[in-house]
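Worksheet: the structure to be examined is printed underneath.
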Amino acid sequence: MNRKKQKLIEIFLITFFFIIFVILFRLQSFIIAMLLVTSLVIILYFKNEIIKIILPKKTKSILNFIFFDIFLIISIIIIFGNDVFTNELDFKKYFFISMLLLFYLFFSVIPQELIFRFFFFHRYSNYFNKNELLLINTLAFCLCHVIYFDIYIFLFAFFGNLLFTINYMKNKSLLLVIIEHFLIGQTLIILGFFDNFNFSLIKKLYNLALIN
């Protein structure tokens with residue numbers, strides 16, 4: 001068996017056992033802890049490599065990235081947030097929203113990008129071509145979201161990961177993909193707060209933030 005097949009089997013087994021383990025023992029509530037521990041181990045082992053790919057190499061890439069994401073976020077709001085501009089907003093909730101978004105950034109987005117972007121490409125980029133890396137990475141990422149039993153989470157994980165991975169492969173910047181992940185994710189979270197995007201994980205976080 002060649003190394004390419006070995007690595008493919010490795011990715012499949014890790015993804016499969018993660019899904020089974022979490023579902024079997026109902027560990028969805030502990031995903032944040034798992035992400036943190038895994039990402040901290042990655043940081044400890046690959047600190048120098050991570051530092052090298054934090055910033056993008058070209059300024060033009062940053063401008064293209066900003067304009068594209070602004071367009072994408074506006075499109076998401078128009079498609080899914082039609083009531084955001086017509087309903088009266090509860091400003092008392094802004095503090096909870098801000099705290100939750102910071103929690104989302106530091107305890108979810110950054111660990112996910114360290115695992116699925118930096119570590120994945122660091123370990124497997126020598127064994128697959130770009131198209132294969134894009135497909136395998138995206139399948140692994142969205143399949144890991146099966147644990148929430150929510151089709152919306154699965155679909156957004158799939159298409160979102162395609163976008164994040166293409167960004168990472170093009171710009172080789174961990175910072176850019178973290179910002180992109182956060183901007184798009186927080187847009188969906190805010191829409192969920194106003195009852196326009198009610199999938200289960202967001203509702204649980206919302207209820208937790210409001211101590212309901």
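Quick note on naming: the chains in the structure tokens go A, B, ... in the order shown, residues restart at 1 in each chain, and ligands are numbered from 1 in order of appearance.
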Could you pull the residues within 9 Å of region 9-15 of chain A, counting only C-alpha atoms, minus those fewer than 2 positions along the same chain, as a count of residues only?
-> 13
Long-range neighbours of region 118-120 of chain A as a ChimeraX atom specification, 10 Å cut-off, only C-alpha atoms, 3 positions minimum in chain = /A:11,39,42-43,46,49-50,53-54,112-115,123-125,133,136-137,168,172-174
Save out the residues we just selected, C-alpha atoms, as a PDB file, in the first residue's frame.
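Once everything was written out, this is result_26.pdb:
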```pdb
ATOM      1  CA  ILE A  11      -8.083  10.612   7.553  1.00  0.00           C
ATOM      2  CA  SER A  39      -5.339  23.049  19.106  1.00  0.00           C
ATOM      3  CA  ILE A  42      -0.757  21.663  17.772  1.00  0.00           C
ATOM      4  CA  ILE A  43       0.478  25.084  18.936  1.00  0.00           C
ATOM      5  CA  PHE A  46       4.311  23.562  15.617  1.00  0.00           C
ATOM      6  CA  GLU A  49       5.573  26.837  11.590  1.00  0.00           C
ATOM      7  CA  ILE A  50       2.341  28.528  12.645  1.00  0.00           C
ATOM      8  CA  ILE A  53       1.945  31.417   7.942  1.00  0.00           C
ATOM      9  CA  ILE A  54      -0.092  33.798  10.079  1.00  0.00           C
ATOM     10  CA  GLN A 112     -10.926  24.765  14.036  1.00  0.00           C
ATOM     11  CA  GLU A 113      -8.624  26.644  11.679  1.00  0.00           C
ATOM     12  CA  LEU A 114      -5.526  25.366  13.448  1.00  0.00           C
ATOM     13  CA  ILE A 115      -6.789  21.794  13.082  1.00  0.00           C
ATOM     14  CA  ARG A 123       0.467  16.746   7.485  1.00  0.00           C
ATOM     15  CA  TYR A 124      -1.119  15.833   4.151  1.00  0.00           C
ATOM     16  CA  SER A 125      -0.134  18.395   1.500  1.00  0.00           C
ATOM     17  CA  LEU A 133      -6.812  18.265  -0.646  1.00  0.00           C
ATOM     18  CA  ILE A 136     -10.852  15.551   1.344  1.00  0.00           C
ATOM     19  CA  ASN A 137     -10.523  18.480   3.729  1.00  0.00           C
ATOM     20  CA  TYR A 168      -6.021  29.201   2.696  1.00  0.00           C
ATOM     21  CA  LYS A 172      -1.278  30.773   2.736  1.00  0.00           C
ATOM     22  CA  SER A 173      -2.473  32.920   5.624  1.00  0.00           C
ATOM     23  CA  LEU A 174      -3.946  31.545   8.825  1.00  0.00           C
TER      24      LEU A 174
END
```
Among region 121-194 of chain A, which residues carry a DSSP assignment of alpha helix (DSSP H), reported as a ChimeraX atom specification?
-> /A:121-124,130-144,151-171,174-193
Shell of 6 Å around region 175-182 of chain A, only C-alpha atoms, local chain residues under 3 positions omitted, as a list in words = Ile54, Leu55, Phe164, Gly185 and Gln186 of chain A
Would you put the residues from that selection into a file with all heavy atoms, as a PDB file, in the first residue's frame?
```
ATOM      1  N   ILE A  54       1.001  33.000   9.527  1.00  0.00           N
ATOM      2  CA  ILE A  54      -0.092  33.798  10.079  1.00  0.00           C
ATOM      3  C   ILE A  54      -0.485  34.917   9.114  1.00  0.00           C
ATOM      4  O   ILE A  54      -1.657  35.076   8.766  1.00  0.00           O
ATOM      5  CB  ILE A  54       0.288  34.384  11.458  1.00  0.00           C
ATOM      6  CG1 ILE A  54       0.344  33.270  12.500  1.00  0.00           C
ATOM      7  CG2 ILE A  54      -0.728  35.444  11.878  1.00  0.00           C
ATOM      8  CD1 ILE A  54       0.765  33.740  13.873  1.00  0.00           C
ATOM      9  N   LEU A  55       0.457  35.701   8.659  1.00  0.00           N
ATOM     10  CA  LEU A  55       0.166  36.857   7.812  1.00  0.00           C
ATOM     11  C   LEU A  55       0.245  36.500   6.332  1.00  0.00           C
ATOM     12  O   LEU A  55       1.064  35.670   5.925  1.00  0.00           O
ATOM     13  CB  LEU A  55       1.138  37.995   8.118  1.00  0.00           C
ATOM     14  CG  LEU A  55       1.089  38.550   9.545  1.00  0.00           C
ATOM     15  CD1 LEU A  55       2.183  39.595   9.720  1.00  0.00           C
ATOM     16  CD2 LEU A  55      -0.275  39.148   9.846  1.00  0.00           C
ATOM     17  N   PHE A 164     -13.216  28.535   2.933  1.00  0.00           N
ATOM     18  CA  PHE A 164     -12.068  28.734   3.812  1.00  0.00           C
ATOM     19  C   PHE A 164     -10.821  28.041   3.266  1.00  0.00           C
ATOM     20  O   PHE A 164      -9.716  28.577   3.320  1.00  0.00           O
ATOM     21  CB  PHE A 164     -12.365  28.206   5.222  1.00  0.00           C
ATOM     22  CG  PHE A 164     -13.624  28.753   5.831  1.00  0.00           C
ATOM     23  CD1 PHE A 164     -14.372  27.989   6.725  1.00  0.00           C
ATOM     24  CD2 PHE A 164     -14.081  30.015   5.508  1.00  0.00           C
ATOM     25  CE1 PHE A 164     -15.531  28.483   7.292  1.00  0.00           C
ATOM     26  CE2 PHE A 164     -15.250  30.522   6.071  1.00  0.00           C
ATOM     27  CZ  PHE A 164     -15.974  29.747   6.964  1.00  0.00           C
ATOM     28  N   GLY A 185     -19.354  33.202  10.145  1.00  0.00           N
ATOM     29  CA  GLY A 185     -19.994  32.503  11.250  1.00  0.00           C
ATOM     30  C   GLY A 185     -20.771  33.434  12.160  1.00  0.00           C
ATOM     31  O   GLY A 185     -21.908  33.148  12.538  1.00  0.00           O
ATOM     32  N   GLN A 186     -20.181  34.570  12.493  1.00  0.00           N
ATOM     33  CA  GLN A 186     -20.867  35.502  13.394  1.00  0.00           C
ATOM     34  C   GLN A 186     -22.075  36.139  12.720  1.00  0.00           C
ATOM     35  O   GLN A 186     -23.055  36.479  13.381  1.00  0.00           O
ATOM     36  CB  GLN A 186     -19.902  36.577  13.918  1.00  0.00           C
ATOM     37  CG  GLN A 186     -19.290  37.486  12.875  1.00  0.00           C
ATOM     38  CD  GLN A 186     -20.106  38.732  12.608  1.00  0.00           C
ATOM     39  OE1 GLN A 186     -20.878  39.146  13.448  1.00  0.00           O
ATOM     40  NE2 GLN A 186     -19.923  39.306  11.439  1.00  0.00           N
TER      41      GLN A 186
END
```
For Leu101 (chain A), work out the shell of residues within 10 Å, counting only C-alpha atoms and skipping chain neighbours fewer than 5 positions away, then give it as a VMD selection string.
-> chain A and resid 95 to 96 106 to 108 182 to 183 185 to 187 189 to 190
Can you tell me how far CA of Tyr152 (chain A) sits from CA of Thr138 (chain A), in Å to one decimal?
->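 Atom-to-atom, CA of Tyr152 (chain A) and CA of Thr138 (chain A) are spaced 15.5 Å apart.
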